[in-house]
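Colleague: Please see the structure below; I have some questions.
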Amino acid sequence: MALPLTAERSLAGPPVSYDSGLERIEIELLLEGIYRQYGFDFRSYAYASIRRRLWKRVQSERLSSISDLQALVLHDGAAMERLLLDLSVSVTAMFRDPPFYRAFRDVVLPHLRTYPFVRIWHAGCSSGEEVYSTAIVLEEAGLLDRTRIYATDINEAVLHRARAGIFPLSRMQEYTENYIRAGGTRSFSEYYTAKYDGALFSPSLTRNTVFSPHNLVTDRSFSEFHVVFCRNVLIYFDRELQNRVHALFYESLVTFGILALGSKESLRFSQYEDCYERLDPKEKLFRKVR
Ligand SMILES: C[S@@+](CC[C@H](N)C(=O)[O-])C[C@H]1O[C@@H](n2cnc3c(N)ncnc32)[C@H](O)[C@@H]1O
């Protein structure tokens, strides 16, 4: 069903006359098709957010309906790649939520010092800013050499950027301020070299880091970790999927291991709520206690 491109549309949404029941059917069929054709499982992502992103892609591809988008992405892997970029929101920053990193320094580092060897998993690490931030904190605490970091994401394109370790020079002032508010005491510019409009971070920060694809929806746990970071990822999942992912994190943590979530995320309503104790009154840092 091709509607004229001039059909009245709300911004990044369907034409105003679109039937919402039909729209849901089309979206479910598209997500099922993507899962069966490509293995990417977006079926349990939060509906409102997925719907908005699908319509954005419909408009960018100059199509008229979700069914048109289905026909395109099922037959054209490049179109699927473009849609994947829309569906996996990769917004991130170094020392994002500085008080979180301050709490990590104050509350988590003393635990990590008690281990001879530390394994950390950054799940949904995006382009790596979060990983480099943690590496800087560990380096300053003298713990980086005995830590192995596994940094994973569903999206290969962002992992590629993470491996390169080059972030926009234009954001360095913001990141420097974040670093100081997070309790950093060195000169932040020690960690990077300016190259054209990029800041190349010291490769020694990721000397013990492996960047690798991993899908939280379909892939299993792959080790036992002392800390699992999964920040600003669960907000895109529906309640049932959040529960499944919490099960994965619970299995992946050692006893007394630490789970770090984003500011809008929690363990509430998950069946693991009672298995953790809160480590900080404000920041989402939890310790597995049973
Ligand atoms: C908003 S970013 C958060 C990045 C970083 N953790 C932070 O807090 O700044 C969300 C990331 O989750 C990733 N993601 C979404 N669904 C995923 C899945 N099923 N498995 C692994 N990563 C996923 C996206 O590709 C994206 O890079």
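We label chains A, B, ... in the order they appear in the structure tokens, count residues from 1 in each chain, and number ligands from 1 in the order shown.
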Mind checking which residues fall within 9 Å of Ser49 of chain A, counting only C-alpha atoms, ignoring those fewer than 5 positions away in the same chain, and posting them as a list in words?

Modeller: Leu54, Leu87 and Tyr236 of chain A

Colleague: Neighbours of ligand 1 at 10 Å or closer, counting only C-alpha atoms and all ligand atoms: which residues, as an MDAnalysis selection string?

Modeller: chainID A and resid 40:42 44:45 84:97 122:131 151:159 213:219 229:237 241 245 261:263

Colleague: Fewer than 6 positions away in the same chain doesn't count, so skip those; otherwise give me all residues within 12 Å of Thr193 of chain A, counting only C-alpha atoms, as an mmCIF file with N, CA, C and O atoms, in the first residue's frame.

Modeller:
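What landed in out.cif:
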```
data_model
loop_
_atom_site.group_PDB
_atom_site.id
_atom_site.type_symbol
_atom_site.label_atom_id
_atom_site.label_comp_id
_atom_site.auth_asym_id
_atom_site.auth_seq_id
_atom_site.Cartn_x
_atom_site.Cartn_y
_atom_site.Cartn_z
ATOM 1 N N GLY A 165 39.158 4.291 19.331
ATOM 2 C CA GLY A 165 39.423 5.168 20.487
ATOM 3 C C GLY A 165 39.588 6.628 20.114
ATOM 4 O O GLY A 165 40.312 7.363 20.783
ATOM 5 N N ILE A 166 38.915 7.039 19.039
ATOM 6 C CA ILE A 166 38.978 8.459 18.638
ATOM 7 C C ILE A 166 37.601 9.080 18.856
ATOM 8 O O ILE A 166 36.605 8.615 18.293
ATOM 9 N N PHE A 167 37.555 10.114 19.686
ATOM 10 C CA PHE A 167 36.289 10.767 20.000
ATOM 11 C C PHE A 167 36.371 12.231 19.563
ATOM 12 O O PHE A 167 37.472 12.786 19.441
ATOM 13 N N PRO A 168 35.207 12.873 19.328
ATOM 14 C CA PRO A 168 35.244 14.238 18.781
ATOM 15 C C PRO A 168 35.977 15.200 19.715
ATOM 16 O O PRO A 168 35.691 15.265 20.915
ATOM 17 N N LEU A 169 36.902 15.937 19.111
ATOM 18 C CA LEU A 169 37.669 16.924 19.878
ATOM 19 C C LEU A 169 36.726 17.973 20.488
ATOM 20 O O LEU A 169 36.947 18.470 21.589
ATOM 21 N N MET A 172 35.746 17.522 24.116
ATOM 22 C CA MET A 172 36.751 17.341 25.178
ATOM 23 C C MET A 172 36.559 18.287 26.364
ATOM 24 O O MET A 172 36.847 17.913 27.491
ATOM 25 N N ALA A 199 40.099 13.312 19.066
ATOM 26 C CA ALA A 199 41.002 13.104 20.201
ATOM 27 C C ALA A 199 41.287 11.609 20.261
ATOM 28 O O ALA A 199 40.367 10.800 20.487
ATOM 29 N N LEU A 200 42.556 11.260 20.002
ATOM 30 C CA LEU A 200 42.944 9.836 20.006
ATOM 31 C C LEU A 200 43.372 9.461 21.414
ATOM 32 O O LEU A 200 44.378 9.965 21.934
ATOM 33 N N PHE A 201 42.601 8.560 22.035
ATOM 34 C CA PHE A 201 42.929 8.168 23.408
ATOM 35 C C PHE A 201 44.051 7.146 23.424
ATOM 36 O O PHE A 201 44.222 6.361 22.498
ATOM 37 N N SER A 202 44.839 7.204 24.487
ATOM 38 C CA SER A 202 46.015 6.351 24.584
ATOM 39 C C SER A 202 45.628 4.875 24.482
ATOM 40 O O SER A 202 44.806 4.387 25.269
ATOM 41 N N PRO A 203 46.214 4.150 23.503
ATOM 42 C CA PRO A 203 45.876 2.731 23.343
ATOM 43 C C PRO A 203 46.198 1.933 24.608
ATOM 44 O O PRO A 203 45.634 0.867 24.823
#
```

Colleague: Out of segment 207-283 of chain A, which residues get helix (DSSP H, G or I) from DSSP, as a PyMOL selection string?

Modeller: chain A and resi 234-236+239-252+273-275

Colleague: Pick from A:Gly77, A:Gly142, A:Gly13, A:Pro281: nearest to Ala48 of chain A, with only C-alpha atoms counted?

Modeller: A:Gly13

Colleague: So, with only C-alpha atoms as the atoms that count, which of A:Leu143, A:Val137, A:Val58, A:Cys275 lies closest to Tyr101 of chain A?

Modeller: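 Using only C-alpha atoms, the shortest distance to Tyr101 of chain A belongs to A:Val137.
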
Colleague: Given the choices A:Glu277, A:Glu177, A:Glu139, A:Glu240, which gets closest to Leu205 of chain A if the distance is worked out from only C-alpha atoms?

Modeller: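 Of all the options, A:Glu139 lies closest to Leu205 of chain A.
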
Colleague: Suppose you want the space between atom CA of Thr176 of chain A and atom CA of Tyr132 of chain A; what is it in Å?

Modeller: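 Answer for the atom CA of Thr176 of chain A to atom CA of Tyr132 of chain A separation: 13.1 Å.
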
Colleague: Taking only C-alpha atoms into account, name the residue in A:Ser223, A:Thr147, A:Ser133, A:Ser204 that is nearest to Leu112 of chain A.

Modeller: A:Thr147

Colleague: Using only C-alpha atoms, which residue out of A:Leu72, A:Val108, A:Leu253, A:Ile120 lies closest to Arg148 of chain A?

Modeller: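 Ranked by minimum distance to Arg148 of chain A, first place goes to A:Ile120.
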
Colleague: Can you pull out the residues contacting segment 182-186 of chain A? Cut-off 6 Å, using only C-alpha atoms, and skip same-chain residues under 6 positions away; I want them as a PDB file with N, CA and C atoms, in the first residue's frame.

Modeller:
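Saved the output as part.pdb:
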```pdb
ATOM      1  N   PRO A  98      28.598  12.204  36.011  1.00  0.00           N
ATOM      2  CA  PRO A  98      29.832  12.187  36.812  1.00  0.00           C
ATOM      3  C   PRO A  98      29.665  11.657  38.243  1.00  0.00           C
ATOM      4  N   PRO A  99      28.561  11.986  38.958  1.00  0.00           N
ATOM      5  CA  PRO A  99      28.460  11.447  40.325  1.00  0.00           C
ATOM      6  C   PRO A  99      28.459   9.917  40.364  1.00  0.00           C
ATOM      7  N   TYR A 101      30.408   8.009  38.522  1.00  0.00           N
ATOM      8  CA  TYR A 101      31.823   7.584  38.526  1.00  0.00           C
ATOM      9  C   TYR A 101      32.504   7.926  39.847  1.00  0.00           C
ATOM     10  N   ARG A 102      32.037   9.014  40.472  1.00  0.00           N
ATOM     11  CA  ARG A 102      32.612   9.340  41.789  1.00  0.00           C
ATOM     12  C   ARG A 102      32.232   8.224  42.776  1.00  0.00           C
TER      13      ARG A 102
END
```

Colleague: Considering only C-alpha atoms, can you say which of A:Ser270, A:Ser189, A:Gln59, A:Ser67 comes closest to Asp238 of chain A?

Modeller: A:Ser270

Colleague: Please list as a PyMOL selection string every residue within 6 Å of segment 27-31 of chain A, counting only C-alpha atoms and excluding residues in the same chain fewer than 3 positions away.

Modeller: chain A and resi 24+34+43+70

Colleague: Mind checking DSSP for segment 24-174 of chain A and telling me the strand (DSSP E or B) residues as a PyMOL selection string?

Modeller: chain A and resi 45+118-123+147-153+166-168
